[in-house]
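Pasted below: final_25.txt, compact mmCIF, N, CA and C atoms.
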```
# COMPACT_ATOMS: atom_id res chain seq x y z
N MET O 646 43.03 6.05 -70.17
CA MET O 646 42.21 5.05 -70.83
C MET O 646 41.40 5.71 -71.94
N GLU O 647 41.23 4.95 -72.98
CA GLU O 647 40.45 5.45 -74.12
C GLU O 647 38.96 5.22 -73.87
N LYS O 648 38.18 6.23 -74.17
CA LYS O 648 36.73 6.11 -74.00
C LYS O 648 36.14 5.36 -75.18
N ILE O 649 35.25 4.44 -74.88
CA ILE O 649 34.57 3.68 -75.93
C ILE O 649 33.09 4.04 -76.03
N ARG O 650 32.63 4.83 -75.07
CA ARG O 650 31.25 5.33 -75.08
C ARG O 650 31.26 6.82 -74.73
N LYS O 651 30.23 7.48 -75.16
CA LYS O 651 30.07 8.91 -74.86
C LYS O 651 28.76 9.10 -74.11
N LEU O 652 28.78 9.94 -73.07
CA LEU O 652 27.56 10.27 -72.33
C LEU O 652 27.04 11.62 -72.79
N ILE O 653 25.74 11.70 -73.00
CA ILE O 653 25.08 12.95 -73.36
C ILE O 653 24.01 13.23 -72.32
N PHE O 654 23.95 14.45 -71.85
CA PHE O 654 22.93 14.86 -70.90
C PHE O 654 21.85 15.57 -71.70
N PHE O 655 20.67 14.94 -71.84
CA PHE O 655 19.58 15.52 -72.63
C PHE O 655 18.87 16.59 -71.83
N LYS O 656 18.84 17.78 -72.40
CA LYS O 656 18.27 18.96 -71.75
C LYS O 656 18.85 19.08 -70.34
N ARG O 657 18.03 19.46 -69.36
CA ARG O 657 18.53 19.63 -67.99
C ARG O 657 17.88 18.64 -67.02
N TYR O 658 17.23 17.63 -67.55
CA TYR O 658 16.52 16.68 -66.68
C TYR O 658 17.45 16.08 -65.62
N PHE O 659 18.56 15.49 -66.06
CA PHE O 659 19.47 14.89 -65.10
C PHE O 659 20.24 15.95 -64.34
N GLN O 660 20.67 17.00 -65.02
CA GLN O 660 21.52 18.02 -64.40
C GLN O 660 20.84 18.66 -63.18
N GLU O 661 19.55 18.90 -63.26
CA GLU O 661 18.82 19.48 -62.12
C GLU O 661 18.87 18.56 -60.91
N PHE O 662 18.75 17.27 -61.14
CA PHE O 662 18.85 16.29 -60.06
C PHE O 662 20.28 16.25 -59.51
N PHE O 663 21.24 16.19 -60.39
CA PHE O 663 22.66 16.12 -60.01
C PHE O 663 23.07 17.33 -59.18
N ASP O 664 22.63 18.51 -59.57
CA ASP O 664 23.00 19.74 -58.87
C ASP O 664 22.55 19.75 -57.41
N GLN O 665 21.54 18.98 -57.07
CA GLN O 665 21.00 18.94 -55.71
C GLN O 665 21.79 18.00 -54.78
N GLN O 666 22.72 17.23 -55.34
CA GLN O 666 23.45 16.24 -54.55
C GLN O 666 24.67 16.85 -53.86
N THR O 667 25.16 16.17 -52.83
CA THR O 667 26.36 16.62 -52.12
C THR O 667 27.58 16.38 -53.01
N ASP O 668 28.69 17.02 -52.67
CA ASP O 668 29.92 16.85 -53.44
C ASP O 668 30.38 15.40 -53.46
N ARG O 669 30.25 14.71 -52.35
CA ARG O 669 30.68 13.31 -52.28
C ARG O 669 29.82 12.41 -53.16
N VAL O 670 28.52 12.68 -53.20
CA VAL O 670 27.63 11.90 -54.08
C VAL O 670 27.99 12.20 -55.54
N LYS O 671 28.24 13.46 -55.85
CA LYS O 671 28.62 13.83 -57.22
C LYS O 671 29.91 13.12 -57.64
N GLU O 672 30.85 12.99 -56.73
CA GLU O 672 32.09 12.27 -57.03
C GLU O 672 31.81 10.81 -57.39
N LYS O 673 30.88 10.20 -56.67
CA LYS O 673 30.52 8.80 -56.95
C LYS O 673 29.86 8.69 -58.32
N PHE O 674 28.96 9.63 -58.65
CA PHE O 674 28.35 9.66 -59.98
C PHE O 674 29.44 9.77 -61.04
N ASP O 675 30.37 10.70 -60.84
CA ASP O 675 31.44 10.91 -61.82
C ASP O 675 32.27 9.64 -62.02
N TYR O 676 32.56 8.95 -60.92
CA TYR O 676 33.32 7.70 -61.00
C TYR O 676 32.56 6.66 -61.84
N VAL O 677 31.29 6.47 -61.56
CA VAL O 677 30.49 5.48 -62.28
C VAL O 677 30.35 5.88 -63.75
N PHE O 678 30.13 7.16 -64.02
CA PHE O 678 30.03 7.62 -65.40
C PHE O 678 31.34 7.35 -66.15
N TYR O 679 32.47 7.61 -65.50
CA TYR O 679 33.77 7.36 -66.12
C TYR O 679 33.91 5.86 -66.43
N LEU O 680 33.57 5.02 -65.47
CA LEU O 680 33.65 3.57 -65.67
C LEU O 680 32.80 3.14 -66.86
N ILE O 681 31.61 3.69 -66.98
CA ILE O 681 30.71 3.34 -68.08
C ILE O 681 31.31 3.73 -69.43
N THR O 682 32.04 4.82 -69.47
CA THR O 682 32.62 5.27 -70.75
C THR O 682 33.84 4.46 -71.17
N ILE O 683 34.53 3.83 -70.22
CA ILE O 683 35.77 3.14 -70.58
C ILE O 683 35.69 1.62 -70.53
N ALA O 684 34.77 1.05 -69.79
CA ALA O 684 34.70 -0.41 -69.61
C ALA O 684 34.19 -1.10 -70.87
N GLU O 685 34.91 -2.13 -71.26
CA GLU O 685 34.47 -2.93 -72.41
C GLU O 685 33.09 -3.54 -72.13
N ARG O 686 32.95 -4.11 -70.95
CA ARG O 686 31.66 -4.66 -70.48
C ARG O 686 31.33 -3.97 -69.17
N ILE O 687 30.23 -3.26 -69.14
CA ILE O 687 29.84 -2.53 -67.94
C ILE O 687 29.28 -3.53 -66.92
N PRO O 688 29.81 -3.54 -65.70
CA PRO O 688 29.29 -4.47 -64.69
C PRO O 688 27.80 -4.24 -64.40
N ASN O 689 27.05 -5.35 -64.23
CA ASN O 689 25.62 -5.26 -63.91
C ASN O 689 25.36 -4.47 -62.64
N LYS O 690 26.33 -4.40 -61.78
CA LYS O 690 26.18 -3.64 -60.54
C LYS O 690 25.88 -2.16 -60.84
N PHE O 691 26.38 -1.67 -61.98
CA PHE O 691 26.24 -0.25 -62.32
C PHE O 691 25.26 0.03 -63.46
N PHE O 692 24.92 -0.98 -64.24
CA PHE O 692 24.18 -0.69 -65.47
C PHE O 692 23.34 -1.91 -65.85
N ARG O 693 22.05 -1.69 -66.08
CA ARG O 693 21.21 -2.81 -66.53
C ARG O 693 20.01 -2.31 -67.32
N ARG O 694 19.50 -3.20 -68.15
CA ARG O 694 18.33 -2.89 -68.98
C ARG O 694 17.07 -3.06 -68.14
N ILE O 695 16.11 -2.15 -68.34
CA ILE O 695 14.82 -2.25 -67.66
C ILE O 695 13.91 -3.11 -68.54
N ILE O 696 13.53 -4.26 -68.04
CA ILE O 696 12.72 -5.22 -68.79
C ILE O 696 11.37 -4.60 -69.17
N GLY O 697 10.98 -4.81 -70.42
CA GLY O 697 9.66 -4.38 -70.89
C GLY O 697 9.53 -2.89 -71.18
N THR O 698 10.66 -2.22 -71.43
CA THR O 698 10.59 -0.76 -71.64
C THR O 698 11.15 -0.30 -72.98
N ASP O 699 11.41 -1.21 -73.90
CA ASP O 699 11.87 -0.85 -75.24
C ASP O 699 13.15 0.00 -75.22
N GLY O 700 14.20 -0.57 -74.66
CA GLY O 700 15.51 0.08 -74.74
C GLY O 700 15.86 1.04 -73.63
N LEU O 701 15.14 1.01 -72.54
CA LEU O 701 15.46 1.89 -71.42
C LEU O 701 16.41 1.14 -70.47
N TYR O 702 17.42 1.85 -70.00
CA TYR O 702 18.41 1.30 -69.08
C TYR O 702 18.45 2.16 -67.83
N GLU O 703 19.09 1.61 -66.79
CA GLU O 703 19.31 2.41 -65.60
C GLU O 703 20.76 2.28 -65.17
N ILE O 704 21.31 3.41 -64.77
CA ILE O 704 22.63 3.47 -64.15
C ILE O 704 22.37 3.44 -62.66
N ARG O 705 23.06 2.55 -61.97
CA ARG O 705 22.82 2.34 -60.55
C ARG O 705 24.01 2.82 -59.74
N ILE O 706 23.75 3.66 -58.78
CA ILE O 706 24.82 4.22 -57.96
C ILE O 706 24.45 4.08 -56.49
N GLU O 707 25.36 3.49 -55.73
CA GLU O 707 25.16 3.36 -54.29
C GLU O 707 26.22 4.18 -53.59
N PHE O 708 25.78 4.95 -52.62
CA PHE O 708 26.71 5.74 -51.82
C PHE O 708 26.23 5.72 -50.38
N GLU O 709 27.08 5.20 -49.50
CA GLU O 709 26.72 4.99 -48.10
C GLU O 709 25.42 4.20 -48.07
N SER O 710 24.38 4.67 -47.45
CA SER O 710 23.14 3.90 -47.41
C SER O 710 22.13 4.39 -48.44
N ASN O 711 22.55 5.22 -49.37
CA ASN O 711 21.66 5.78 -50.39
C ASN O 711 21.83 5.07 -51.72
N ILE O 712 20.74 4.94 -52.44
CA ILE O 712 20.75 4.32 -53.76
C ILE O 712 20.15 5.33 -54.74
N PHE O 713 20.86 5.54 -55.83
CA PHE O 713 20.43 6.48 -56.86
C PHE O 713 20.30 5.75 -58.18
N ARG O 714 19.38 6.22 -59.02
CA ARG O 714 19.18 5.67 -60.34
C ARG O 714 19.12 6.81 -61.36
N VAL O 715 19.66 6.52 -62.53
CA VAL O 715 19.58 7.45 -63.65
C VAL O 715 19.11 6.63 -64.84
N PHE O 716 17.99 7.00 -65.42
CA PHE O 716 17.50 6.32 -66.61
C PHE O 716 18.19 6.87 -67.83
N CYS O 717 18.41 5.99 -68.81
CA CYS O 717 19.13 6.38 -70.01
C CYS O 717 18.80 5.41 -71.14
N CYS O 718 19.34 5.68 -72.33
CA CYS O 718 19.21 4.76 -73.45
C CYS O 718 20.45 4.90 -74.33
N PHE O 719 20.61 3.95 -75.24
CA PHE O 719 21.69 4.03 -76.22
C PHE O 719 21.19 4.76 -77.45
N ASP O 720 22.10 5.46 -78.10
CA ASP O 720 21.82 6.08 -79.39
C ASP O 720 23.07 5.89 -80.24
N GLU O 721 22.87 5.48 -81.46
CA GLU O 721 23.98 5.26 -82.40
C GLU O 721 25.04 4.31 -81.83
N GLY O 722 24.63 3.34 -81.05
CA GLY O 722 25.52 2.30 -80.57
C GLY O 722 26.39 2.64 -79.39
N SER O 723 27.17 3.72 -79.48
CA SER O 723 28.12 4.01 -78.41
C SER O 723 27.83 5.29 -77.65
N ILE O 724 26.67 5.84 -77.86
CA ILE O 724 26.27 7.06 -77.14
C ILE O 724 25.20 6.68 -76.13
N ILE O 725 25.40 7.10 -74.89
CA ILE O 725 24.41 6.87 -73.84
C ILE O 725 23.80 8.22 -73.50
N VAL O 726 22.48 8.33 -73.65
CA VAL O 726 21.76 9.57 -73.40
C VAL O 726 21.12 9.48 -72.02
N LEU O 727 21.50 10.40 -71.12
CA LEU O 727 20.98 10.40 -69.76
C LEU O 727 19.68 11.18 -69.68
N PHE O 728 18.71 10.63 -68.95
CA PHE O 728 17.42 11.27 -68.78
C PHE O 728 17.27 11.70 -67.32
N ASN O 729 16.25 11.22 -66.64
CA ASN O 729 15.96 11.63 -65.27
C ASN O 729 16.71 10.79 -64.24
N GLY O 730 17.04 11.41 -63.13
CA GLY O 730 17.66 10.74 -62.00
C GLY O 730 16.78 10.86 -60.79
N PHE O 731 16.91 9.92 -59.86
CA PHE O 731 16.13 9.98 -58.62
C PHE O 731 16.83 9.14 -57.56
N GLN O 732 16.48 9.40 -56.32
CA GLN O 732 16.97 8.59 -55.22
C GLN O 732 15.95 7.50 -54.96
N LYS O 733 16.42 6.28 -54.98
CA LYS O 733 15.52 5.13 -54.85
C LYS O 733 15.23 4.87 -53.38
N LYS O 734 13.95 4.73 -53.06
CA LYS O 734 13.52 4.52 -51.68
C LYS O 734 13.00 3.11 -51.43
N SER O 735 12.70 2.37 -52.52
CA SER O 735 12.18 1.01 -52.37
C SER O 735 12.95 0.07 -53.28
N LYS O 736 12.67 -1.20 -53.16
CA LYS O 736 13.39 -2.21 -53.94
C LYS O 736 13.11 -2.09 -55.44
N LYS O 737 11.89 -1.75 -55.80
CA LYS O 737 11.49 -1.68 -57.20
C LYS O 737 11.51 -0.23 -57.68
N ALA O 738 11.91 -0.03 -58.95
CA ALA O 738 11.92 1.32 -59.53
C ALA O 738 10.48 1.83 -59.61
N PRO O 739 10.24 3.05 -59.14
CA PRO O 739 8.88 3.61 -59.18
C PRO O 739 8.35 3.73 -60.61
N GLU O 740 7.14 3.26 -60.80
CA GLU O 740 6.50 3.31 -62.12
C GLU O 740 6.44 4.74 -62.65
N LYS O 741 6.22 5.70 -61.77
CA LYS O 741 6.16 7.11 -62.16
C LYS O 741 7.47 7.56 -62.81
N GLU O 742 8.61 7.13 -62.24
CA GLU O 742 9.92 7.51 -62.78
C GLU O 742 10.19 6.82 -64.12
N ILE O 743 9.74 5.58 -64.26
CA ILE O 743 9.90 4.87 -65.54
C ILE O 743 9.10 5.56 -66.62
N LYS O 744 7.86 5.91 -66.32
CA LYS O 744 7.01 6.61 -67.30
C LYS O 744 7.62 7.94 -67.69
N LYS O 745 8.16 8.66 -66.72
CA LYS O 745 8.81 9.94 -67.00
C LYS O 745 10.00 9.72 -67.93
N ALA O 746 10.81 8.70 -67.67
CA ALA O 746 11.98 8.41 -68.51
C ALA O 746 11.57 8.05 -69.93
N LEU O 747 10.52 7.26 -70.07
CA LEU O 747 10.05 6.88 -71.41
C LEU O 747 9.54 8.10 -72.17
N LYS O 748 8.89 9.00 -71.48
CA LYS O 748 8.41 10.23 -72.11
C LYS O 748 9.60 11.09 -72.57
N ILE O 749 10.62 11.19 -71.73
CA ILE O 749 11.82 11.96 -72.10
C ILE O 749 12.54 11.29 -73.27
N LYS O 750 12.61 9.97 -73.25
CA LYS O 750 13.24 9.22 -74.35
C LYS O 750 12.51 9.51 -75.66
N ASP O 751 11.19 9.46 -75.65
CA ASP O 751 10.41 9.77 -76.85
C ASP O 751 10.68 11.20 -77.32
N GLU O 752 10.75 12.12 -76.38
CA GLU O 752 11.04 13.52 -76.71
C GLU O 752 12.41 13.64 -77.38
N TYR O 753 13.41 12.96 -76.83
CA TYR O 753 14.76 12.99 -77.39
C TYR O 753 14.77 12.52 -78.84
N PHE O 754 14.19 11.34 -79.09
CA PHE O 754 14.23 10.80 -80.45
C PHE O 754 13.35 11.59 -81.42
N ARG O 755 12.26 12.16 -80.93
CA ARG O 755 11.43 13.02 -81.79
C ARG O 755 12.22 14.26 -82.20
N MET O 756 12.89 14.90 -81.24
CA MET O 756 13.68 16.09 -81.54
C MET O 756 14.85 15.76 -82.47
N LYS O 757 15.44 14.60 -82.28
CA LYS O 757 16.54 14.19 -83.15
C LYS O 757 16.03 13.96 -84.57
N LYS O 758 14.88 13.30 -84.70
CA LYS O 758 14.30 13.02 -86.02
C LYS O 758 13.93 14.32 -86.73
N GLU O 759 13.46 15.31 -85.98
CA GLU O 759 13.07 16.59 -86.56
C GLU O 759 14.28 17.49 -86.83
N GLY O 760 15.48 17.03 -86.46
CA GLY O 760 16.68 17.81 -86.71
C GLY O 760 16.91 18.94 -85.73
N ILE O 761 16.22 18.91 -84.59
CA ILE O 761 16.35 19.95 -83.59
C ILE O 761 17.63 19.75 -82.77
N LEU O 762 18.07 18.52 -82.63
CA LEU O 762 19.29 18.24 -81.85
C LEU O 762 20.50 18.19 -82.74
```
Could I get this file's structure written as structure tokens?
Amino acid sequence: MEKIRKLIFFKRYFQEFFDQQTDRVKEKFDYVFYLITIAERIPNKFFRRIIGTDGLYEIRIEFESNIFRVFCCFDEGSIIVLFNGFQKKSKKAPEKEIKKALKIKDEYFRMKKEGIL
């Protein structure tokens, strides 16, 4: 299948979280990431916009009884930039994690504007 989107891992924010997961959880992440890159329309089950956050999205991954989230945003239309990941313990996304993602998003676009990326 041809990829219609590209995933970028900004710095090591997500990678540090990913490295702590089991091999089976990593396989599920890889599957969802692949689906996101090839699907014409990404199912809401895996991807949705966070209301009131100026372009912040979350990738949603369920494995067995665990729920994981990865915050991200679009850049240049077809690029998805991954930020922080966490294991969700409650129904609502923790405000602390949203604030962290928004801070990382600002850092990404500032560095891009300054030509550092």
Open item on the list: So the first atom is atom C of Ile706 of chain O and the second is atom CA of Ser735 of chain O; what is the distance between them in Å, to one decimal place?
Closed with: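 Atom CA of Ser735 of chain O lies at a distance of 13.3 Å from atom C of Ile706 of chain O.
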- [ ] Using backbone DSSP assignments, extract all helix (DSSP H, G or I) residues from chain O; output them as a PyMOL selection string.
- [x] chain O and resi 658-664+668-683+740-758
Writing out the chosen residues with N, CA and C atoms as a CSV table (one decimal), keeping the file's coordinate frame:
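Full text of part29.csv as output:
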```csv
chain,number,residue,atom,x,y,z
O,658,TYR,N,17.2,17.6,-67.6
O,658,TYR,CA,16.5,16.7,-66.7
O,658,TYR,C,17.4,16.1,-65.6
O,659,PHE,N,18.6,15.5,-66.1
O,659,PHE,CA,19.5,14.9,-65.1
O,659,PHE,C,20.2,16.0,-64.3
O,660,GLN,N,20.7,17.0,-65.0
O,660,GLN,CA,21.5,18.0,-64.4
O,660,GLN,C,20.8,18.7,-63.2
O,661,GLU,N,19.6,18.9,-63.3
O,661,GLU,CA,18.8,19.5,-62.1
O,661,GLU,C,18.9,18.6,-60.9
O,662,PHE,N,18.8,17.3,-61.1
O,662,PHE,CA,18.8,16.3,-60.1
O,662,PHE,C,20.3,16.2,-59.5
O,663,PHE,N,21.2,16.2,-60.4
O,663,PHE,CA,22.7,16.1,-60.0
O,663,PHE,C,23.1,17.3,-59.2
O,664,ASP,N,22.6,18.5,-59.6
O,664,ASP,CA,23.0,19.7,-58.9
O,664,ASP,C,22.6,19.8,-57.4
O,668,ASP,N,28.7,17.0,-52.7
O,668,ASP,CA,29.9,16.8,-53.4
O,668,ASP,C,30.4,15.4,-53.5
O,669,ARG,N,30.2,14.7,-52.4
O,669,ARG,CA,30.7,13.3,-52.3
O,669,ARG,C,29.8,12.4,-53.2
O,670,VAL,N,28.5,12.7,-53.2
O,670,VAL,CA,27.6,11.9,-54.1
O,670,VAL,C,28.0,12.2,-55.5
O,671,LYS,N,28.2,13.5,-55.8
O,671,LYS,CA,28.6,13.8,-57.2
O,671,LYS,C,29.9,13.1,-57.6
O,672,GLU,N,30.8,13.0,-56.7
O,672,GLU,CA,32.1,12.3,-57.0
O,672,GLU,C,31.8,10.8,-57.4
O,673,LYS,N,30.9,10.2,-56.7
O,673,LYS,CA,30.5,8.8,-57.0
O,673,LYS,C,29.9,8.7,-58.3
O,674,PHE,N,29.0,9.6,-58.6
O,674,PHE,CA,28.4,9.7,-60.0
O,674,PHE,C,29.4,9.8,-61.0
O,675,ASP,N,30.4,10.7,-60.8
O,675,ASP,CA,31.4,10.9,-61.8
O,675,ASP,C,32.3,9.6,-62.0
O,676,TYR,N,32.6,9.0,-60.9
O,676,TYR,CA,33.3,7.7,-61.0
O,676,TYR,C,32.6,6.7,-61.8
O,677,VAL,N,31.3,6.5,-61.6
O,677,VAL,CA,30.5,5.5,-62.3
O,677,VAL,C,30.4,5.9,-63.8
O,678,PHE,N,30.1,7.2,-64.0
O,678,PHE,CA,30.0,7.6,-65.4
O,678,PHE,C,31.3,7.4,-66.2
O,679,TYR,N,32.5,7.6,-65.5
O,679,TYR,CA,33.8,7.4,-66.1
O,679,TYR,C,33.9,5.9,-66.4
O,680,LEU,N,33.6,5.0,-65.5
O,680,LEU,CA,33.6,3.6,-65.7
O,680,LEU,C,32.8,3.1,-66.9
O,681,ILE,N,31.6,3.7,-67.0
O,681,ILE,CA,30.7,3.3,-68.1
O,681,ILE,C,31.3,3.7,-69.4
O,682,THR,N,32.0,4.8,-69.5
O,682,THR,CA,32.6,5.3,-70.8
O,682,THR,C,33.8,4.5,-71.2
O,683,ILE,N,34.5,3.8,-70.2
O,683,ILE,CA,35.8,3.1,-70.6
O,683,ILE,C,35.7,1.6,-70.5
O,740,GLU,N,7.1,3.3,-60.8
O,740,GLU,CA,6.5,3.3,-62.1
O,740,GLU,C,6.4,4.7,-62.6
O,741,LYS,N,6.2,5.7,-61.8
O,741,LYS,CA,6.2,7.1,-62.2
O,741,LYS,C,7.5,7.6,-62.8
O,742,GLU,N,8.6,7.1,-62.2
O,742,GLU,CA,9.9,7.5,-62.8
O,742,GLU,C,10.2,6.8,-64.1
O,743,ILE,N,9.7,5.6,-64.3
O,743,ILE,CA,9.9,4.9,-65.5
O,743,ILE,C,9.1,5.6,-66.6
O,744,LYS,N,7.9,5.9,-66.3
O,744,LYS,CA,7.0,6.6,-67.3
O,744,LYS,C,7.6,7.9,-67.7
O,745,LYS,N,8.2,8.7,-66.7
O,745,LYS,CA,8.8,9.9,-67.0
O,745,LYS,C,10.0,9.7,-67.9
O,746,ALA,N,10.8,8.7,-67.7
O,746,ALA,CA,12.0,8.4,-68.5
O,746,ALA,C,11.6,8.0,-69.9
O,747,LEU,N,10.5,7.3,-70.1
O,747,LEU,CA,10.0,6.9,-71.4
O,747,LEU,C,9.5,8.1,-72.2
O,748,LYS,N,8.9,9.0,-71.5
O,748,LYS,CA,8.4,10.2,-72.1
O,748,LYS,C,9.6,11.1,-72.6
O,749,ILE,N,10.6,11.2,-71.7
O,749,ILE,CA,11.8,12.0,-72.1
O,749,ILE,C,12.5,11.3,-73.3
O,750,LYS,N,12.6,10.0,-73.2
O,750,LYS,CA,13.2,9.2,-74.4
O,750,LYS,C,12.5,9.5,-75.7
O,751,ASP,N,11.2,9.5,-75.6
O,751,ASP,CA,10.4,9.8,-76.8
O,751,ASP,C,10.7,11.2,-77.3
O,752,GLU,N,10.8,12.1,-76.4
O,752,GLU,CA,11.0,13.5,-76.7
O,752,GLU,C,12.4,13.6,-77.4
O,753,TYR,N,13.4,13.0,-76.8
O,753,TYR,CA,14.8,13.0,-77.4
O,753,TYR,C,14.8,12.5,-78.8
O,754,PHE,N,14.2,11.3,-79.1
O,754,PHE,CA,14.2,10.8,-80.4
O,754,PHE,C,13.4,11.6,-81.4
O,755,ARG,N,12.3,12.2,-80.9
O,755,ARG,CA,11.4,13.0,-81.8
O,755,ARG,C,12.2,14.3,-82.2
O,756,MET,N,12.9,14.9,-81.2
O,756,MET,CA,13.7,16.1,-81.5
O,756,MET,C,14.8,15.8,-82.5
O,757,LYS,N,15.4,14.6,-82.3
O,757,LYS,CA,16.5,14.2,-83.2
O,757,LYS,C,16.0,14.0,-84.6
O,758,LYS,N,14.9,13.3,-84.7
O,758,LYS,CA,14.3,13.0,-86.0
O,758,LYS,C,13.9,14.3,-86.7
```
Open item on the list: So, with only C-alpha atoms as the atoms that count, which of O:Phe728, O:Arg705, O:Asp664, O:Lys651 lies closest to Ile683 of chain O?
Closed with: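 So, comparing all the options, the nearest one is O:Lys651.
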Open item on the list: Just the number, please: distance in Å from atom N of Phe678 of chain O to atom C of Met756 of chain O, one decimal.
Closed with: 25.5 Å
Open item on the list: With distances taken over all atoms listed in the file, which residue among O:Thr682, O:Arg669, O:Arg693, O:Leu727 lies nearest Ile749 of chain O?
Closed with: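 So, comparing all the options, the nearest one is O:Leu727.
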- [ ] Pull the strand (DSSP E or B) assignments for segment 707-762 of chain O out of DSSP run on the backbone, and list those residues as a PyMOL selection string.
- [x] chain O and resi 707-708+711-720+724-733
Name the residues in contact with Leu762 of chain O at a cut-off of 12 Å, using only C-alpha atoms, excluding same-chain residues fewer than 3 positions from it; report them as an mmCIF file with N, CA and C atoms, keeping the file's coordinate frame.
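Dumped to part38.cif:
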```
data_model
loop_
_atom_site.group_PDB
_atom_site.id
_atom_site.type_symbol
_atom_site.label_atom_id
_atom_site.label_comp_id
_atom_site.auth_asym_id
_atom_site.auth_seq_id
_atom_site.Cartn_x
_atom_site.Cartn_y
_atom_site.Cartn_z
ATOM 1 N N ILE O 653 25.740 11.700 -73.000
ATOM 2 C CA ILE O 653 25.080 12.950 -73.360
ATOM 3 C C ILE O 653 24.010 13.230 -72.320
ATOM 4 N N PHE O 655 20.670 14.940 -71.840
ATOM 5 C CA PHE O 655 19.580 15.520 -72.630
ATOM 6 C C PHE O 655 18.870 16.590 -71.830
ATOM 7 N N LYS O 656 18.840 17.780 -72.400
ATOM 8 C CA LYS O 656 18.270 18.960 -71.750
ATOM 9 C C LYS O 656 18.850 19.080 -70.340
ATOM 10 N N GLU O 752 10.750 12.120 -76.380
ATOM 11 C CA GLU O 752 11.040 13.520 -76.710
ATOM 12 C C GLU O 752 12.410 13.640 -77.380
ATOM 13 N N TYR O 753 13.410 12.960 -76.830
ATOM 14 C CA TYR O 753 14.760 12.990 -77.390
ATOM 15 C C TYR O 753 14.770 12.520 -78.840
ATOM 16 N N PHE O 754 14.190 11.340 -79.090
ATOM 17 C CA PHE O 754 14.230 10.800 -80.450
ATOM 18 C C PHE O 754 13.350 11.590 -81.420
ATOM 19 N N ARG O 755 12.260 12.160 -80.930
ATOM 20 C CA ARG O 755 11.430 13.020 -81.790
ATOM 21 C C ARG O 755 12.220 14.260 -82.200
ATOM 22 N N MET O 756 12.890 14.900 -81.240
ATOM 23 C CA MET O 756 13.680 16.090 -81.540
ATOM 24 C C MET O 756 14.850 15.760 -82.470
ATOM 25 N N LYS O 757 15.440 14.600 -82.280
ATOM 26 C CA LYS O 757 16.540 14.190 -83.150
ATOM 27 C C LYS O 757 16.030 13.960 -84.570
ATOM 28 N N LYS O 758 14.880 13.300 -84.700
ATOM 29 C CA LYS O 758 14.300 13.020 -86.020
ATOM 30 C C LYS O 758 13.930 14.320 -86.730
ATOM 31 N N GLU O 759 13.460 15.310 -85.980
ATOM 32 C CA GLU O 759 13.070 16.590 -86.560
ATOM 33 C C GLU O 759 14.280 17.490 -86.830
#
```
- [ ] Using all atoms listed in the file, pick whichever of O:Phe659, O:Phe708, O:Phe692, O:Phe716 has the shortest atom-to-atom distance to Leu747 of chain O.
- [x]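 Checking each of O:Phe659, O:Phe708, O:Phe692, O:Phe716 against Leu747 of chain O, counting all atoms listed in the file, the winner is O:Phe716.
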Task: Atom-to-atom span, atom N of Gly700 of chain O and atom CA of Asp751 of chain O, Å - done: 11.2 Å
TODO: May I have the residues at most 8 Å from (17.0, 13.2, -63.8) in the file's coordinates, counting only N, CA and C atoms, as a list in words?
DONE: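 Nearby residues: Arg657, Tyr658, Phe659, Gln660, Glu661, Phe662, Phe663, Arg714, Val715, Phe716, Leu727, Phe728, Asn729, Gly730 and Phe731 of chain O.
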Task: Option closest in space to Thr698 of chain O, from O:Phe674, O:Ile725, O:Cys718, O:Ile649 [counting only C-alpha atoms] - done: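 Smallest distance to Thr698 of chain O is found for O:Cys718.
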- [ ] Pick out the closest residue to Ala746 of chain O from this set: O:Lys734, O:Cys717, O:Lys648, O:Ile724. Count all atoms listed in the file.
- [x]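 Using all atoms listed in the file, Ala746 of chain O sits closest to O:Cys717.
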